[in-house]
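entry_35.cif, holding mmCIF, C-alpha atoms:
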```cif
data_model
loop_
_atom_site.group_PDB
_atom_site.id
_atom_site.type_symbol
_atom_site.label_atom_id
_atom_site.label_comp_id
_atom_site.auth_asym_id
_atom_site.auth_seq_id
_atom_site.Cartn_x
_atom_site.Cartn_y
_atom_site.Cartn_z
ATOM 1 C CA MET D 88 0.000 0.000 0.000
ATOM 2 C CA PHE D 89 2.294 2.792 1.236
ATOM 3 C CA ARG D 90 6.058 2.560 1.518
ATOM 4 C CA PHE D 91 7.352 4.451 4.475
ATOM 5 C CA ALA D 92 10.588 6.360 4.201
ATOM 6 C CA MET D 93 12.655 5.059 7.100
ATOM 7 C CA THR D 94 13.999 1.581 7.715
ATOM 8 C CA LYS D 95 14.555 0.177 11.195
ATOM 9 C CA GLU D 96 18.303 0.628 10.747
ATOM 10 C CA GLU D 97 17.869 4.316 9.851
ATOM 11 C CA ILE D 98 15.647 4.909 12.887
ATOM 12 C CA VAL D 99 18.069 3.117 15.231
ATOM 13 C CA SER D 100 20.969 5.162 13.843
ATOM 14 C CA THR D 101 19.049 8.447 14.210
ATOM 15 C CA VAL D 102 17.881 7.884 17.801
ATOM 16 C CA THR D 103 21.246 6.495 18.882
ATOM 17 C CA ASN D 104 22.817 9.811 17.852
ATOM 18 C CA LEU D 105 20.186 11.905 19.668
ATOM 19 C CA ARG D 106 21.257 13.146 23.082
ATOM 20 C CA ASN D 107 18.739 12.375 25.827
ATOM 21 C CA GLY D 108 16.113 15.092 26.159
ATOM 22 C CA THR D 109 16.654 16.312 22.598
ATOM 23 C CA MET D 110 13.673 17.451 20.579
ATOM 24 C CA ALA D 111 13.099 16.182 17.051
ATOM 25 C CA ARG D 112 10.311 15.994 14.501
ATOM 26 C CA ILE D 113 8.563 12.674 14.063
ATOM 27 C CA GLU D 114 6.022 11.723 11.434
ATOM 28 C CA TYR D 115 4.049 8.516 11.841
ATOM 29 C CA VAL D 116 0.865 6.840 10.683
ATOM 30 C CA THR D 117 -1.966 5.212 12.637
ATOM 31 C CA GLU D 118 -5.043 3.426 11.349
ATOM 32 C CA LEU D 119 -8.471 4.611 12.496
ATOM 33 C CA PRO D 120 -10.776 1.850 13.784
ATOM 34 C CA MET D 121 -13.230 1.096 10.986
ATOM 35 C CA LYS D 122 -16.745 -0.270 11.457
ATOM 36 C CA ALA D 123 -16.719 -4.022 10.764
ATOM 37 C CA GLU D 124 -18.759 -3.813 7.553
ATOM 38 C CA PHE D 125 -16.228 -1.430 5.973
ATOM 39 C CA ALA D 126 -13.135 -3.143 7.383
ATOM 40 C CA LYS D 127 -14.272 -6.469 5.877
ATOM 41 C CA GLN D 128 -14.537 -4.780 2.485
ATOM 42 C CA GLY D 129 -10.944 -3.537 2.821
ATOM 43 C CA TYR D 130 -11.488 0.183 3.388
ATOM 44 C CA LYS D 131 -8.974 2.030 5.578
ATOM 45 C CA ILE D 132 -8.538 5.513 6.939
ATOM 46 C CA LEU D 133 -4.997 6.415 7.928
ATOM 47 C CA LYS D 134 -4.033 9.323 10.152
ATOM 48 C CA VAL D 135 -0.612 10.792 9.405
ATOM 49 C CA THR D 136 0.739 12.921 12.246
ATOM 50 C CA GLU D 137 3.853 15.097 12.285
ATOM 51 C CA THR D 138 4.873 16.660 15.585
ATOM 52 C CA THR D 139 7.817 17.745 17.713
ATOM 53 C CA ALA D 140 8.710 15.491 20.640
ATOM 54 C CA ARG D 141 11.424 14.907 23.224
ATOM 55 C CA PHE D 142 13.436 11.711 22.949
ATOM 56 C CA GLY D 143 15.492 9.856 25.536
ATOM 57 C CA VAL D 144 13.453 11.094 28.477
ATOM 58 C CA LYS D 145 13.555 8.824 31.513
ATOM 59 C CA TYR D 146 9.809 8.322 31.635
ATOM 60 C CA SER D 147 9.669 7.262 35.276
ATOM 61 C CA ASN D 148 10.929 10.778 36.166
ATOM 62 C CA LEU D 149 7.924 12.524 34.558
ATOM 63 C CA SER D 150 5.574 13.824 37.238
ATOM 64 C CA ALA D 151 2.462 12.610 35.375
ATOM 65 C CA VAL D 152 3.947 9.113 35.122
ATOM 66 C CA LYS D 153 4.851 9.101 38.833
ATOM 67 C CA GLU D 154 1.260 10.056 39.716
ATOM 68 C CA LYS D 155 -0.179 7.269 37.573
ATOM 69 C CA GLN D 156 2.218 4.722 39.051
ATOM 70 C CA GLU D 157 1.327 5.758 42.605
ATOM 71 C CA SER D 158 -2.422 5.598 41.946
ATOM 72 C CA SER D 159 -2.179 2.254 40.149
ATOM 73 C CA LYS D 160 -2.237 -0.652 42.593
ATOM 74 C CA SER D 161 -1.915 -3.522 40.112
ATOM 75 C CA GLU D 162 1.410 -4.819 38.899
ATOM 76 C CA LYS D 163 1.563 -5.209 35.130
ATOM 77 C CA THR D 164 3.991 -7.486 33.358
ATOM 78 C CA ASN D 165 6.445 -5.426 31.348
ATOM 79 C CA ASN D 166 7.144 -7.101 28.013
ATOM 80 C CA PHE D 167 9.414 -4.300 26.810
ATOM 81 C CA GLU D 168 13.200 -4.506 26.568
ATOM 82 C CA TRP D 169 15.201 -1.452 25.553
ATOM 83 C CA ILE D 170 17.006 -1.545 22.211
ATOM 84 C CA VAL D 171 18.169 2.052 22.766
ATOM 85 C CA GLU D 172 17.602 3.161 26.378
ATOM 86 C CA ASN D 173 14.456 5.336 26.767
ATOM 87 C CA LYS D 174 14.064 5.609 22.982
ATOM 88 C CA LEU D 175 13.497 2.254 21.259
ATOM 89 C CA ALA D 176 11.946 -0.833 22.801
ATOM 90 C CA HIS D 177 11.285 -4.412 21.739
ATOM 91 C CA ASN D 178 8.127 -6.187 22.906
ATOM 92 C CA THR D 179 9.167 -9.754 23.747
ATOM 93 C CA ASN D 180 5.538 -10.894 23.691
ATOM 94 C CA THR D 181 4.697 -9.678 20.153
ATOM 95 C CA GLY D 182 8.195 -9.520 18.664
ATOM 96 C CA LYS D 183 7.591 -5.934 17.477
ATOM 97 C CA ASP D 184 9.738 -2.840 17.951
ATOM 98 C CA TYR D 185 8.509 0.555 19.139
ATOM 99 C CA ILE D 186 9.781 4.119 19.401
ATOM 100 C CA ARG D 187 8.972 6.022 22.601
ATOM 101 C CA PHE D 188 8.857 9.754 23.042
ATOM 102 C CA ALA D 189 7.291 12.542 25.069
ATOM 103 C CA PRO D 190 5.136 14.681 22.751
ATOM 104 C CA LEU D 191 4.976 18.395 23.479
ATOM 105 C CA LYS D 192 1.573 19.234 24.932
ATOM 106 C CA LYS D 193 1.352 22.953 24.335
ATOM 107 C CA SER D 194 2.502 25.351 21.683
ATOM 108 C CA GLY D 195 5.791 24.491 20.100
ATOM 109 C CA SER D 196 4.803 21.041 18.895
ATOM 110 C CA ASN D 197 3.691 22.486 15.536
ATOM 111 C CA LYS D 198 1.499 19.410 15.094
ATOM 112 C CA HIS D 199 0.076 18.650 11.649
ATOM 113 C CA THR D 200 -2.454 15.928 10.848
ATOM 114 C CA ASN D 201 -3.665 14.532 7.530
ATOM 115 C CA LEU D 202 -6.224 11.823 6.961
ATOM 116 C CA ILE D 203 -5.976 9.421 4.045
ATOM 117 C CA PHE D 204 -8.926 7.339 2.860
ATOM 118 C CA VAL D 205 -7.877 4.141 1.073
ATOM 119 C CA ASP D 206 -10.525 2.358 -0.997
ATOM 120 C CA THR D 207 -10.700 -1.339 -1.884
ATOM 121 C CA THR D 208 -8.701 -0.857 -5.111
ATOM 122 C CA GLY D 209 -5.821 0.904 -3.351
ATOM 123 C CA LYS D 210 -6.760 4.375 -4.564
ATOM 124 C CA TYR D 211 -6.451 6.999 -1.880
ATOM 125 C CA PHE D 212 -7.747 10.464 -1.115
ATOM 126 C CA SER D 213 -6.014 12.843 1.281
ATOM 127 C CA PHE D 214 -7.717 15.348 3.575
ATOM 128 C CA ASP D 215 -5.766 18.131 5.262
ATOM 129 C CA GLY D 216 -6.430 18.650 8.923
ATOM 130 C CA LYS D 217 -8.619 16.525 11.132
ATOM 131 C CA GLU D 218 -11.995 16.841 9.410
ATOM 132 C CA LEU D 219 -13.305 14.049 7.204
ATOM 133 C CA PRO D 220 -16.375 14.345 4.974
ATOM 134 C CA ALA D 221 -19.444 12.830 6.672
ATOM 135 C CA ASP D 222 -19.557 9.760 4.374
ATOM 136 C CA PHE D 223 -16.011 8.768 5.358
ATOM 137 C CA LYS D 224 -16.488 9.740 9.012
ATOM 138 C CA ASN D 225 -19.471 7.368 9.224
ATOM 139 C CA MET D 226 -17.163 4.464 8.265
ATOM 140 C CA VAL D 227 -15.163 4.891 11.498
ATOM 141 C CA GLN D 228 -16.322 3.363 14.787
ATOM 142 C CA ASN D 229 -18.423 5.876 16.725
ATOM 143 C CA SER D 230 -16.369 5.337 19.877
ATOM 144 C CA TYR D 231 -13.338 6.890 18.152
ATOM 145 C CA TRP D 232 -15.152 10.205 17.679
ATOM 146 C CA ASN D 233 -16.714 10.133 21.167
ATOM 147 C CA LYS D 234 -13.527 9.837 23.238
ATOM 148 C CA LYS D 235 -11.198 12.654 24.184
ATOM 149 C CA HIS D 236 -7.946 12.655 22.271
ATOM 150 C CA GLU D 237 -5.569 14.286 24.718
ATOM 151 C CA THR D 238 -1.841 14.381 24.122
ATOM 152 C CA PRO D 239 -0.335 11.511 26.142
ATOM 153 C CA ASP D 240 2.595 11.963 28.534
ATOM 154 C CA ILE D 241 4.438 9.156 26.775
ATOM 155 C CA GLN D 242 3.727 7.889 23.308
ATOM 156 C CA THR D 243 4.714 4.514 21.943
ATOM 157 C CA VAL D 244 4.519 4.040 18.166
ATOM 158 C CA LEU D 245 5.150 0.865 16.203
ATOM 159 C CA LEU D 246 8.492 1.297 14.448
ATOM 160 C CA GLU D 247 7.113 0.216 11.063
ATOM 161 C CA ASN D 248 4.625 3.130 11.277
ATOM 162 C CA VAL D 249 7.377 5.765 11.467
ATOM 163 C CA ILE D 250 7.589 7.714 8.225
ATOM 164 C CA LEU D 251 10.242 10.257 9.150
ATOM 165 C CA LEU D 252 12.416 11.211 12.105
ATOM 166 C CA LYS D 253 14.060 14.573 11.563
ATOM 167 C CA THR D 254 16.672 16.254 13.752
ATOM 168 C CA LYS D 255 18.245 19.693 13.379
ATOM 169 C CA SER D 256 21.468 18.124 12.209
ATOM 170 C CA ALA D 257 19.651 16.033 9.558
ATOM 171 C CA LYS D 258 20.000 17.316 5.997
#
```

Can you turn what I pasted into structure tokens?
Amino acid sequence: MFRFAMTKEEIVSTVTNLRNGTMARIEYVTELPMKAEFAKQGYKILKVTETTARFGVKYSNLSAVKEKQESSKSEKTNNFEWIVENKLAHNTNTGKDYIRFAPLKKSGSNKHTNLIFVDTTGKYFSFDGKELPADFKNMVQNSYWNKKHETPDIQTVLLENVILLKTKSAK
């Protein structure tokens, strides 16, 4: 369908050379949850996000993370092993690799979002911003539109969904 620009090796090389706490631009894709009738037919809606984030942050030092850990009584099994400390992780349960970062919550993130509708033949239509035409919006599960989409303290994105990771020193 779409070929994303960065390989795992390129991402590992880029984040390895980032000093901890450094900000960089990341562009990644996520798939919106389609209603079953449309998913079975092969329709997809992809959300492409580009934003500024901090990499190499020790997440357990974030105040929001500390609060959540203190309020959470249950112990969860951690299936993540670091490939690059506080930046790239491998899930031993699924065998997949992830990039972790702290997105900027307020101004300065310069966040851009595009939505891409992919039909059953592979043709696609792009929509700037976050607004989809009603016909396409009705193909997405209602629960997606009903929940709040707040910027998380920590974001974990599947490595194969990373399109671009751009640092100041990158040309």

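Selection by the PyMOL selection byres ((chain D and resi 211) around 12) on the present file picks out Met88, Phe89, Tyr130, Lys131, Ile132, Leu133, Leu202, Ile203, Phe204, Val205, Asp206, Thr207, Thr208, Gly209, Lys210, Phe212, Ser213 and Phe214 of chain D.
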
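What separates CA of Lys174 in chain D from CA of Thr117 in chain D is a distance of 19.1 Å.
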
query = Around (10.2, 9.5, 11.1) in the file's frame, which residues reach within 9 Å when counting all atoms listed in the file? Return as an NGL selection string?
reply = :D and (91-93 or 98 or 112-115 or 137 or 248-253)

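Distances from D:Lys134, D:Thr109, D:Lys255, D:Val116 to Glu218 in chain D were compared using all atoms listed in the file, and the smallest one belongs to D:Lys134.
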
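Taking CA of His177 in chain D and CA of Asn197 in chain D as the two end points, the separation is 28.6 Å.
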
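Taking CA of Lys95 in chain D as the reference point, CA of Thr243 in chain D is found at 15.2 Å.
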
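Every protein or nucleic acid residue with an atom no more than 6 Å from range 164-167 of chain D, counting only C-alpha atoms and leaving out same-chain residues fewer than 4 positions away, appears here: Ala176, His177, Asn178, Thr179 and Asn180 of chain D.
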
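With distances taken over all atoms listed in the file, D:Pro120 is the one residue among D:Glu97, D:Pro120, D:Ala111, D:Leu105 lying closest to Lys224 in chain D.
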
Where does the PyMOL selection byres ((chain D and resi 186) around 8) land in this file, that is, which residues does it pick, as a PDB file with C-alpha atoms, in the frame of the given file?
```
ATOM      1  CA  LYS D 174      14.064   5.609  22.982  1.00  0.00           C
ATOM      2  CA  LEU D 175      13.497   2.254  21.259  1.00  0.00           C
ATOM      3  CA  ALA D 176      11.946  -0.833  22.801  1.00  0.00           C
ATOM      4  CA  ASP D 184       9.738  -2.840  17.951  1.00  0.00           C
ATOM      5  CA  TYR D 185       8.509   0.555  19.139  1.00  0.00           C
ATOM      6  CA  ARG D 187       8.972   6.022  22.601  1.00  0.00           C
ATOM      7  CA  PHE D 188       8.857   9.754  23.042  1.00  0.00           C
ATOM      8  CA  THR D 243       4.714   4.514  21.943  1.00  0.00           C
ATOM      9  CA  VAL D 244       4.519   4.040  18.166  1.00  0.00           C
ATOM     10  CA  LEU D 245       5.150   0.865  16.203  1.00  0.00           C
ATOM     11  CA  LEU D 246       8.492   1.297  14.448  1.00  0.00           C
TER      12      LEU D 246
END
```

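For the set D:Val102, D:Met110, D:Val227, D:Ile170, the residue with the smallest atom-to-atom gap to Thr138 in chain D is D:Met110, counting all atoms listed in the file.
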
Around range 234-240 of chain D, with edges along x, y and z and 6 Å added on all six sides, what centre and edge lengths do you get, in Å to one decimal, as lines of an AutoDock Vina configuration file?
```
center_x = -5.5
center_y = 12.1
center_z = 25.4
size_x = 28.1
size_y = 16.5
size_z = 18.3
```

inquiry  = Under the PyMOL selection byres ((chain D and resi 198) around 9), which residues of this model are included? Write them out as a list in words.
reply    = Thr136, Glu137, Thr138, Thr139, Ser194, Gly195, Ser196, Asn197, His199 and Thr200 of chain D

Please supply range 174-195 of chain D, rebuilt with N, CA and C atoms, as a PDB file, in the coordinates of the input.
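The resulting file, out.pdb, is reproduced below:
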```pdb
ATOM      1  N   LYS D 174      14.409   5.142  24.333  1.00  0.00           N
ATOM      2  CA  LYS D 174      14.064   5.609  22.982  1.00  0.00           C
ATOM      3  C   LYS D 174      13.404   4.520  22.139  1.00  0.00           C
ATOM      4  N   LEU D 175      14.024   3.359  22.058  1.00  0.00           N
ATOM      5  CA  LEU D 175      13.497   2.254  21.259  1.00  0.00           C
ATOM      6  C   LEU D 175      13.353   1.018  22.118  1.00  0.00           C
ATOM      7  N   ALA D 176      12.203   0.351  21.992  1.00  0.00           N
ATOM      8  CA  ALA D 176      11.946  -0.833  22.801  1.00  0.00           C
ATOM      9  C   ALA D 176      11.474  -1.988  21.928  1.00  0.00           C
ATOM     10  N   HIS D 177      11.739  -3.193  22.402  1.00  0.00           N
ATOM     11  CA  HIS D 177      11.285  -4.412  21.739  1.00  0.00           C
ATOM     12  C   HIS D 177      10.293  -5.104  22.665  1.00  0.00           C
ATOM     13  N   ASN D 178       9.134  -5.463  22.130  1.00  0.00           N
ATOM     14  CA  ASN D 178       8.127  -6.187  22.906  1.00  0.00           C
ATOM     15  C   ASN D 178       8.402  -7.673  22.728  1.00  0.00           C
ATOM     16  N   THR D 179       8.812  -8.337  23.808  1.00  0.00           N
ATOM     17  CA  THR D 179       9.167  -9.754  23.747  1.00  0.00           C
ATOM     18  C   THR D 179       7.944 -10.641  23.538  1.00  0.00           C
ATOM     19  N   ASN D 180       6.766 -10.126  23.860  1.00  0.00           N
ATOM     20  CA  ASN D 180       5.538 -10.894  23.691  1.00  0.00           C
ATOM     21  C   ASN D 180       5.097 -10.917  22.232  1.00  0.00           C
ATOM     22  N   THR D 181       5.165  -9.774  21.541  1.00  0.00           N
ATOM     23  CA  THR D 181       4.697  -9.678  20.153  1.00  0.00           C
ATOM     24  C   THR D 181       5.825  -9.756  19.133  1.00  0.00           C
ATOM     25  N   GLY D 182       7.059  -9.515  19.583  1.00  0.00           N
ATOM     26  CA  GLY D 182       8.195  -9.520  18.664  1.00  0.00           C
ATOM     27  C   GLY D 182       8.323  -8.236  17.854  1.00  0.00           C
ATOM     28  N   LYS D 183       7.576  -7.196  18.230  1.00  0.00           N
ATOM     29  CA  LYS D 183       7.591  -5.934  17.477  1.00  0.00           C
ATOM     30  C   LYS D 183       8.423  -4.890  18.205  1.00  0.00           C
ATOM     31  N   ASP D 184       8.912  -3.918  17.410  1.00  0.00           N
ATOM     32  CA  ASP D 184       9.738  -2.840  17.951  1.00  0.00           C
ATOM     33  C   ASP D 184       8.958  -1.537  17.949  1.00  0.00           C
ATOM     34  N   TYR D 185       9.237  -0.689  18.950  1.00  0.00           N
ATOM     35  CA  TYR D 185       8.509   0.555  19.139  1.00  0.00           C
ATOM     36  C   TYR D 185       9.463   1.698  19.433  1.00  0.00           C
ATOM     37  N   ILE D 186       9.051   2.903  19.043  1.00  0.00           N
ATOM     38  CA  ILE D 186       9.781   4.119  19.401  1.00  0.00           C
ATOM     39  C   ILE D 186       8.969   4.806  20.489  1.00  0.00           C
ATOM     40  N   ARG D 187       9.655   5.348  21.498  1.00  0.00           N
ATOM     41  CA  ARG D 187       8.972   6.022  22.601  1.00  0.00           C
ATOM     42  C   ARG D 187       9.470   7.452  22.693  1.00  0.00           C
ATOM     43  N   PHE D 188       8.522   8.346  22.945  1.00  0.00           N
ATOM     44  CA  PHE D 188       8.857   9.754  23.042  1.00  0.00           C
ATOM     45  C   PHE D 188       7.824  10.474  23.884  1.00  0.00           C
ATOM     46  N   ALA D 189       8.190  11.683  24.294  1.00  0.00           N
ATOM     47  CA  ALA D 189       7.291  12.542  25.069  1.00  0.00           C
ATOM     48  C   ALA D 189       6.846  13.677  24.151  1.00  0.00           C
ATOM     49  N   PRO D 190       5.600  13.604  23.642  1.00  0.00           N
ATOM     50  CA  PRO D 190       5.136  14.681  22.751  1.00  0.00           C
ATOM     51  C   PRO D 190       4.968  15.984  23.517  1.00  0.00           C
ATOM     52  N   LEU D 191       5.187  17.095  22.852  1.00  0.00           N
ATOM     53  CA  LEU D 191       4.976  18.395  23.479  1.00  0.00           C
ATOM     54  C   LEU D 191       3.472  18.632  23.563  1.00  0.00           C
ATOM     55  N   LYS D 192       3.012  19.091  24.720  1.00  0.00           N
ATOM     56  CA  LYS D 192       1.573  19.234  24.932  1.00  0.00           C
ATOM     57  C   LYS D 192       1.039  20.601  24.529  1.00  0.00           C
ATOM     58  N   LYS D 193       1.843  21.598  24.602  1.00  0.00           N
ATOM     59  CA  LYS D 193       1.352  22.953  24.335  1.00  0.00           C
ATOM     60  C   LYS D 193       1.962  23.482  23.054  1.00  0.00           C
ATOM     61  N   SER D 194       1.926  24.759  22.903  1.00  0.00           N
ATOM     62  CA  SER D 194       2.502  25.351  21.683  1.00  0.00           C
ATOM     63  C   SER D 194       3.960  24.953  21.556  1.00  0.00           C
ATOM     64  N   GLY D 195       4.411  24.909  20.354  1.00  0.00           N
ATOM     65  CA  GLY D 195       5.791  24.491  20.100  1.00  0.00           C
ATOM     66  C   GLY D 195       5.855  23.138  19.432  1.00  0.00           C
TER      67      GLY D 195
END
```
